[in-house]
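Trainee: To start, I am sharing the structure in question, which I have written as structure tokens.
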Amino acid sequence: MTQFDSVEFRPVTLPFISSVDKALEAVRKIDLTAAEEGIRPIVFSTLVQDDIRNVVRRSIGLFMDCFDAFLGALEAELKVRSSHKAGRAHGMADSHTYAMRIDATNFALANDDGSSRNDYDRADVILIGVSRSGKTPTCLYLAMQYGVFAANYPLTEDDLESRRLPKAVAGNSRKLFGLTIKPERLQQIRNERRPESRYASAQQVAFELRAAEALFQQHNIPFIDTTESSIEEISSRILDFTGIERRVRP
């Protein structure tokens, strides 16, 4: 809920309005909301197709076109006309780029949580860290957004007690990048998964994180704290630190 002085706003998203029929359905929902709540809805539009945009513009809502303020000026400056076609940013015009994303994503899935350890030579980066520190979503984001071949390996209690790099990743130590997290946040995440378990206990969490960070420092493995960072930020920091090539761009 967003507050503006004493007025409360309830944001609602109406995605994928790609036809006149869907635009008419959006208008019906907007007008119904106005009738039920007695307040004129404010409609922020990013529609690019004129026929669809003109339908939604006829709703009761206050229609705020996010392109109106910029499109004309950009066309004049760049000396080109907008195509007014939707989906250009997400199309498959570049099949090579699409194939790269799929290949990298399949690699991330096949090499998730140490499930396959025979393909690490193909990896651009191998994320290591304790369970639930953000390895899997970061690998998938790196793959889907940048075409990066990212694997991940979970540090087990045996790995941490031995203070040695696990044999599975020792041969690719230069590709390793560590993820850590604040104990309080990790305990919260683990409690949601396995409440009241040793796995989620404060003592176990503190031991694992302390041992993991000591292992990173002992073997000169770069690492970052993921507690306050989004997946996008974590991925960007990894790529900036390692210099790994972004094979494709979002």
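Each chain in the structure tokens gets a letter, A, B and so on, in the order shown; residues start at 1 in every chain, and ligands are counted from 1 in the order they appear.
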Mind dumping a table of every stretch 79-170 of chain A residue within 12 Å of stretch 186-203 of chain A, with the nearest atom pair and its distance in Å to one decimal, using only C-alpha atoms, sorted by chain and rising number, as JSON lines?

Mentor:
```
{"residue": "A:Gly129", "atom": "CA", "partner": "A:Leu186", "partner_atom": "CA", "distance": 11.8}
{"residue": "A:Val130", "atom": "CA", "partner": "A:Leu186", "partner_atom": "CA", "distance": 9.5}
{"residue": "A:Ser131", "atom": "CA", "partner": "A:Arg190", "partner_atom": "CA", "distance": 8.7}
{"residue": "A:Arg132", "atom": "CA", "partner": "A:Leu186", "partner_atom": "CA", "distance": 7.0}
{"residue": "A:Ser133", "atom": "CA", "partner": "A:Leu186", "partner_atom": "CA", "distance": 7.1}
{"residue": "A:Gly134", "atom": "CA", "partner": "A:Leu186", "partner_atom": "CA", "distance": 10.0}
{"residue": "A:Thr156", "atom": "CA", "partner": "A:Tyr199", "partner_atom": "CA", "distance": 11.3}
{"residue": "A:Glu157", "atom": "CA", "partner": "A:Tyr199", "partner_atom": "CA", "distance": 10.5}
```

Trainee: May I have the residues within 8 Å of stretch 39-56 of chain A as a PyMOL selection string, using only C-alpha atoms and disregarding those fewer than 6 positions away in the same chain?

Mentor: chain A and resi 17-20+23-24+26-27+30+33+62-67+84-86

Trainee: Using the chain letters and numbers from this document, which residues of stretch 95-182 of chain A does DSSP assign to strand (DSSP E), as a list in words?

Mentor: Val125, Ile126, Leu127, Ile128, Gly129, Ala150, Ala151, Asn152, Tyr153, Pro154, Leu176, Phe177, Gly178, Leu179 and Thr180 of chain A

Trainee: Deliver the residues from the most recent selection as a file, using N, CA and C atoms, as a tab-separated table (two decimals), in the first residue's frame.

Mentor:
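Saved file again.tsv follows:
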```tsv
chain	number	residue	atom	x	y	z
A	125	VAL	N	31.84	-19.68	-13.82
A	125	VAL	CA	31.97	-19.41	-12.40
A	125	VAL	C	31.28	-20.53	-11.64
A	126	ILE	N	31.83	-20.85	-10.46
A	126	ILE	CA	31.22	-21.85	-9.57
A	126	ILE	C	30.96	-21.16	-8.23
A	127	LEU	N	29.71	-20.99	-7.91
A	127	LEU	CA	29.36	-20.35	-6.64
A	127	LEU	C	29.38	-21.39	-5.52
A	128	ILE	N	30.01	-21.05	-4.42
A	128	ILE	CA	30.02	-21.95	-3.27
A	128	ILE	C	29.54	-21.18	-2.04
A	129	GLY	N	28.95	-21.91	-1.12
A	129	GLY	CA	28.44	-21.31	0.09
A	129	GLY	C	27.59	-22.31	0.83
A	150	ALA	N	27.03	-20.87	-15.12
A	150	ALA	CA	27.25	-20.79	-13.68
A	150	ALA	C	26.81	-22.09	-13.00
A	151	ALA	N	27.73	-22.69	-12.26
A	151	ALA	CA	27.42	-23.88	-11.46
A	151	ALA	C	27.45	-23.48	-9.99
A	152	ASN	N	26.91	-24.33	-9.12
A	152	ASN	CA	27.06	-24.03	-7.70
A	152	ASN	C	27.24	-25.30	-6.90
A	153	TYR	N	27.97	-25.14	-5.82
A	153	TYR	CA	28.30	-26.29	-4.96
A	153	TYR	C	28.02	-25.90	-3.51
A	154	PRO	N	27.24	-26.73	-2.78
A	154	PRO	CA	26.92	-26.42	-1.39
A	154	PRO	C	28.00	-26.94	-0.44
A	176	LEU	N	36.03	-20.24	-8.48
A	176	LEU	CA	35.16	-20.21	-7.31
A	176	LEU	C	34.84	-18.78	-6.87
A	177	PHE	N	33.60	-18.61	-6.45
A	177	PHE	CA	33.17	-17.34	-5.89
A	177	PHE	C	32.21	-17.66	-4.75
A	178	GLY	N	32.47	-17.09	-3.58
A	178	GLY	CA	31.70	-17.44	-2.40
A	178	GLY	C	30.54	-16.50	-2.12
A	179	LEU	N	29.47	-17.06	-1.59
A	179	LEU	CA	28.33	-16.28	-1.10
A	179	LEU	C	28.17	-16.54	0.40
A	180	THR	N	27.99	-15.47	1.15
A	180	THR	CA	27.69	-15.60	2.57
A	180	THR	C	26.48	-14.74	2.88
```

Trainee: Using only C-alpha atoms, which of A:Ile60, A:Leu160, A:Val148, A:Ala104 sits nearest A:Ala211?

Mentor: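 Checking each of A:Ile60, A:Leu160, A:Val148, A:Ala104 against A:Ala211, counting only C-alpha atoms, the winner is A:Leu160.
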
Trainee: Can you work out which one of A:Lys79, A:Lys135, A:Lys167, A:Arg58 has the shortest atom-to-atom distance to A:Ser235, counting only C-alpha atoms?

Mentor: A:Lys135

Trainee: So, counting only C-alpha atoms, which residue among A:Ala212, A:Leu142, A:Leu14, A:Ile238 is closest to A:Asp158?

Mentor: A:Ala212

Trainee: When you draw a straight line from atom CA of A:Arg249 to atom CA of A:Ser116, how long is it in Å?

Mentor: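 Separating atom CA of A:Arg249 from atom CA of A:Ser116 is a distance of 27.2 Å.
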
Trainee: State, in Å with one decimal place, the distance from atom CA of A:Thr13 to atom CA of A:Glu36.

Mentor: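 Atom CA of A:Thr13 sits 17.6 Å away from atom CA of A:Glu36.
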
Trainee: DSSP on the backbone, helix (DSSP H, G or I) only: what residues of stretch 14-140 of chain A does that give? Format it as a VMD selection string.

Mentor: chain A and resid 20 to 37 50 to 57 68 to 78 88 to 90 95 to 110 112 to 114 120 to 122 135 to 140

Trainee: Would you write out those residues with C-alpha atoms, as a compact mmCIF listing (two decimals), in the first residue's frame?

Mentor:
```txt
# COMPACT_ATOMS: atom_id res chain seq x y z
CA VAL A 20 -8.44 -4.98 -28.45
CA ASP A 21 -10.47 -7.67 -26.63
CA LYS A 22 -8.00 -7.65 -23.73
CA ALA A 23 -8.07 -3.86 -23.73
CA LEU A 24 -11.87 -3.91 -23.44
CA GLU A 25 -11.59 -6.35 -20.52
CA ALA A 26 -9.09 -3.99 -18.86
CA VAL A 27 -11.53 -1.10 -19.29
CA ARG A 28 -14.28 -3.20 -17.70
CA LYS A 29 -12.05 -3.87 -14.65
CA ILE A 30 -11.04 -0.22 -14.36
CA ASP A 31 -14.63 1.01 -14.55
CA LEU A 32 -15.81 -1.66 -12.10
CA THR A 33 -13.15 -0.59 -9.61
CA ALA A 34 -14.29 3.02 -9.96
CA ALA A 35 -17.90 2.02 -9.30
CA GLU A 36 -17.08 -0.22 -6.31
CA GLU A 37 -14.65 2.12 -4.56
CA ASP A 50 -2.40 2.97 -30.88
CA ASP A 51 -5.63 0.98 -31.31
CA ILE A 52 -5.23 -0.76 -27.95
CA ARG A 53 -4.12 2.40 -26.18
CA ASN A 54 -7.12 4.35 -27.52
CA VAL A 55 -9.49 1.72 -26.11
CA VAL A 56 -8.02 1.92 -22.61
CA ARG A 57 -7.96 5.70 -22.81
CA ASP A 68 3.39 10.55 -24.33
CA ALA A 69 5.97 12.67 -22.58
CA PHE A 70 8.96 11.03 -24.26
CA LEU A 71 8.09 9.38 -27.55
CA GLY A 72 7.60 12.50 -29.68
CA ALA A 73 10.78 14.13 -28.40
CA LEU A 74 12.78 10.94 -28.97
CA GLU A 75 11.44 10.54 -32.50
CA ALA A 76 12.42 14.12 -33.30
CA GLU A 77 15.87 13.78 -31.76
CA LEU A 78 16.70 10.41 -33.33
CA ARG A 88 10.14 -6.00 -29.76
CA ALA A 89 12.33 -6.14 -26.65
CA HIS A 90 11.31 -9.72 -25.87
CA SER A 95 17.93 -16.97 -32.41
CA HIS A 96 21.63 -17.31 -31.55
CA THR A 97 21.19 -15.20 -28.41
CA TYR A 98 18.09 -17.16 -27.45
CA ALA A 99 19.94 -20.46 -27.88
CA MET A 100 22.79 -19.17 -25.71
CA ARG A 101 20.41 -18.31 -22.90
CA ILE A 102 18.79 -21.73 -23.07
CA ASP A 103 22.15 -23.53 -23.13
CA ALA A 104 23.40 -21.57 -20.12
CA THR A 105 20.14 -22.15 -18.23
CA ASN A 106 20.26 -25.89 -18.88
CA PHE A 107 23.85 -25.90 -17.63
CA ALA A 108 22.85 -24.10 -14.42
CA LEU A 109 20.04 -26.57 -13.78
CA ALA A 110 22.24 -29.60 -14.48
CA ASP A 112 22.78 -27.09 -9.32
CA ASP A 113 23.78 -27.88 -5.73
CA GLY A 114 26.62 -30.14 -6.79
CA TYR A 120 32.84 -27.86 -14.10
CA ASP A 121 35.46 -27.28 -16.80
CA ARG A 122 32.73 -25.61 -18.87
CA LYS A 135 23.48 -19.80 -4.95
CA THR A 136 20.73 -21.34 -7.11
CA PRO A 137 18.74 -18.21 -7.99
CA THR A 138 21.94 -16.31 -8.72
CA CYS A 139 23.16 -19.03 -11.10
CA LEU A 140 19.83 -19.05 -12.94
```

Trainee: Return the single residue from A:Asn220, A:Phe149, A:Glu208, A:Ser230 that is closest to A:Glu161, with distances computed using only C-alpha atoms.

Mentor: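 Ranking A:Asn220, A:Phe149, A:Glu208, A:Ser230 by distance to A:Glu161, first place goes to A:Glu208.
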
Trainee: In Å to one decimal, how far is atom CA of A:Leu165 from atom CA of A:Ala214?

Mentor: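 So the two atoms, atom CA of A:Ala214 and atom CA of A:Leu165, lie 11.4 Å apart.
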